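> Can you keep this structure in mind? I'll have questions shortly.
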Amino acid sequence: KVSLRAVKPSNYETARDPLPALRLSFDEPVIHGSVLRQLGAPVGWKSGSSPSELLTPLVRAAADKARRLALGEPEETGDPRFRA
């Protein structure tokens with residue numbers, strides 16, 4: 001059971017307890033698409049190709065774009081179909 005105590009308007013944006021330290025990594029994954037392979041195909045999946053085969057290039061392109069944005073790197077040129 002969780003109970004929340006009343007919050008004063010002046011304390012609304014202040015954390016009650018210290019927040020944990022965050023560790024972020026923008027390193028490229030060693031193996032692309034591993035989570036997609038672990039999840040497997042949804043029950044209603046009807047394609048001859050696996051979700052991993054179809055989605056890995058799109059997820060990889062999105063991850064690369066997010067990494068470049070986070071690190072402030074210049075835009076790369078490449079296949080426009082996979083630009084996020």
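Order determines the names: the first chain of the structure tokens is A, the second B, and so forth; residues in each chain are numbered 1 upward, and ligands are numbered 1 upward as they are shown.
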So which residues touch range 32-41 of chain A within 12 Å, counting only C-alpha atoms, skipping near sequence neighbours fewer than 6 positions away, as a VMD selection string?

chain A and resid 47 to 64

> Hey, what's within 12 Å of Leu71 in chain A if we count only C-alpha atoms and toss same-chain stuff fewer than 4 positions away? As a PyMOL selection string, please?

chain A and resi 24-27+64-67+75

> Could the residues in this selection be saved with all heavy atoms as a PDB file, in the first residue's frame?


```
ATOM      1  N   LEU A  24      24.550   7.440 -17.678  1.00  0.00           N
ATOM      2  CA  LEU A  24      24.105   7.287 -19.051  1.00  0.00           C
ATOM      3  C   LEU A  24      25.269   6.865 -19.923  1.00  0.00           C
ATOM      4  O   LEU A  24      26.396   7.293 -19.724  1.00  0.00           O
ATOM      5  CB  LEU A  24      23.526   8.600 -19.573  1.00  0.00           C
ATOM      6  CG  LEU A  24      22.357   9.174 -18.773  1.00  0.00           C
ATOM      7  CD1 LEU A  24      21.983  10.539 -19.313  1.00  0.00           C
ATOM      8  CD2 LEU A  24      21.178   8.242 -18.784  1.00  0.00           C
ATOM      9  N   SER A  25      24.965   6.034 -20.894  1.00  0.00           N
ATOM     10  CA  SER A  25      25.988   5.612 -21.843  1.00  0.00           C
ATOM     11  C   SER A  25      25.445   5.798 -23.250  1.00  0.00           C
ATOM     12  O   SER A  25      24.313   5.424 -23.538  1.00  0.00           O
ATOM     13  CB  SER A  25      26.337   4.138 -21.625  1.00  0.00           C
ATOM     14  OG  SER A  25      27.170   3.689 -22.671  1.00  0.00           O
ATOM     15  N   PHE A  26      26.235   6.408 -24.094  1.00  0.00           N
ATOM     16  CA  PHE A  26      25.842   6.597 -25.478  1.00  0.00           C
ATOM     17  C   PHE A  26      26.689   5.728 -26.408  1.00  0.00           C
ATOM     18  O   PHE A  26      26.778   5.989 -27.598  1.00  0.00           O
ATOM     19  CB  PHE A  26      25.964   8.075 -25.864  1.00  0.00           C
ATOM     20  CG  PHE A  26      25.021   8.947 -25.090  1.00  0.00           C
ATOM     21  CD1 PHE A  26      25.482   9.722 -24.051  1.00  0.00           C
ATOM     22  CD2 PHE A  26      23.679   8.964 -25.392  1.00  0.00           C
ATOM     23  CE1 PHE A  26      24.617  10.520 -23.326  1.00  0.00           C
ATOM     24  CE2 PHE A  26      22.800   9.756 -24.670  1.00  0.00           C
ATOM     25  CZ  PHE A  26      23.274  10.540 -23.638  1.00  0.00           C
ATOM     26  N   ASP A  27      27.315   4.709 -25.830  1.00  0.00           N
ATOM     27  CA  ASP A  27      28.127   3.802 -26.640  1.00  0.00           C
ATOM     28  C   ASP A  27      27.230   2.990 -27.566  1.00  0.00           C
ATOM     29  O   ASP A  27      26.107   2.636 -27.230  1.00  0.00           O
ATOM     30  CB  ASP A  27      28.919   2.842 -25.751  1.00  0.00           C
ATOM     31  CG  ASP A  27      29.932   3.563 -24.889  1.00  0.00           C
ATOM     32  OD1 ASP A  27      30.346   4.679 -25.275  1.00  0.00           O
ATOM     33  OD2 ASP A  27      30.307   3.028 -23.835  1.00  0.00           O
ATOM     34  N   ASP A  64      21.273   5.511 -33.848  1.00  0.00           N
ATOM     35  CA  ASP A  64      22.420   6.278 -34.344  1.00  0.00           C
ATOM     36  C   ASP A  64      22.111   7.769 -34.355  1.00  0.00           C
ATOM     37  O   ASP A  64      22.933   8.595 -33.961  1.00  0.00           O
ATOM     38  CB  ASP A  64      22.819   5.810 -35.741  1.00  0.00           C
ATOM     39  CG  ASP A  64      23.457   4.434 -35.748  1.00  0.00           C
ATOM     40  OD1 ASP A  64      23.878   3.952 -34.674  1.00  0.00           O
ATOM     41  OD2 ASP A  64      23.524   3.821 -36.841  1.00  0.00           O
ATOM     42  N   LYS A  65      20.907   8.117 -34.803  1.00  0.00           N
ATOM     43  CA  LYS A  65      20.489   9.525 -34.842  1.00  0.00           C
ATOM     44  C   LYS A  65      20.439  10.090 -33.417  1.00  0.00           C
ATOM     45  O   LYS A  65      20.944  11.186 -33.162  1.00  0.00           O
ATOM     46  CB  LYS A  65      19.124   9.624 -35.505  1.00  0.00           C
ATOM     47  CG  LYS A  65      18.483  10.971 -35.478  1.00  0.00           C
ATOM     48  CD  LYS A  65      18.949  11.812 -36.624  1.00  0.00           C
ATOM     49  CE  LYS A  65      18.131  13.091 -36.683  1.00  0.00           C
ATOM     50  NZ  LYS A  65      18.331  13.811 -37.900  1.00  0.00           N
ATOM     51  N   ALA A  66      19.848   9.348 -32.487  1.00  0.00           N
ATOM     52  CA  ALA A  66      19.760   9.810 -31.099  1.00  0.00           C
ATOM     53  C   ALA A  66      21.153   9.989 -30.502  1.00  0.00           C
ATOM     54  O   ALA A  66      21.404  10.957 -29.776  1.00  0.00           O
ATOM     55  CB  ALA A  66      18.945   8.814 -30.274  1.00  0.00           C
ATOM     56  N   ARG A  67      22.062   9.063 -30.800  1.00  0.00           N
ATOM     57  CA  ARG A  67      23.428   9.155 -30.282  1.00  0.00           C
ATOM     58  C   ARG A  67      24.123  10.406 -30.829  1.00  0.00           C
ATOM     59  O   ARG A  67      24.777  11.141 -30.097  1.00  0.00           O
ATOM     60  CB  ARG A  67      24.207   7.895 -30.647  1.00  0.00           C
ATOM     61  CG  ARG A  67      25.559   7.765 -29.988  1.00  0.00           C
ATOM     62  CD  ARG A  67      26.244   6.443 -30.302  1.00  0.00           C
ATOM     63  NE  ARG A  67      25.414   5.305 -29.944  1.00  0.00           N
ATOM     64  CZ  ARG A  67      24.727   4.553 -30.814  1.00  0.00           C
ATOM     65  NH1 ARG A  67      24.805   4.790 -32.100  1.00  0.00           N
ATOM     66  NH2 ARG A  67      23.978   3.556 -30.407  1.00  0.00           N
ATOM     67  N   GLU A  75      25.456  15.707 -38.699  1.00  0.00           N
ATOM     68  CA  GLU A  75      24.595  14.746 -39.390  1.00  0.00           C
ATOM     69  C   GLU A  75      25.409  13.952 -40.406  1.00  0.00           C
ATOM     70  O   GLU A  75      26.239  14.500 -41.116  1.00  0.00           O
ATOM     71  CB  GLU A  75      23.475  15.496 -40.113  1.00  0.00           C
ATOM     72  CG  GLU A  75      22.417  14.624 -40.711  1.00  0.00           C
ATOM     73  CD  GLU A  75      21.544  13.950 -39.662  1.00  0.00           C
ATOM     74  OE1 GLU A  75      21.352  14.524 -38.588  1.00  0.00           O
ATOM     75  OE2 GLU A  75      21.075  12.844 -39.941  1.00  0.00           O
TER      76      GLU A  75
END
```

> Out of chain A, which residues get helix (DSSP H, G or I) from DSSP, as a VMD selection string?

chain A and resid 9 to 11 34 to 39 51 to 71 80 to 82
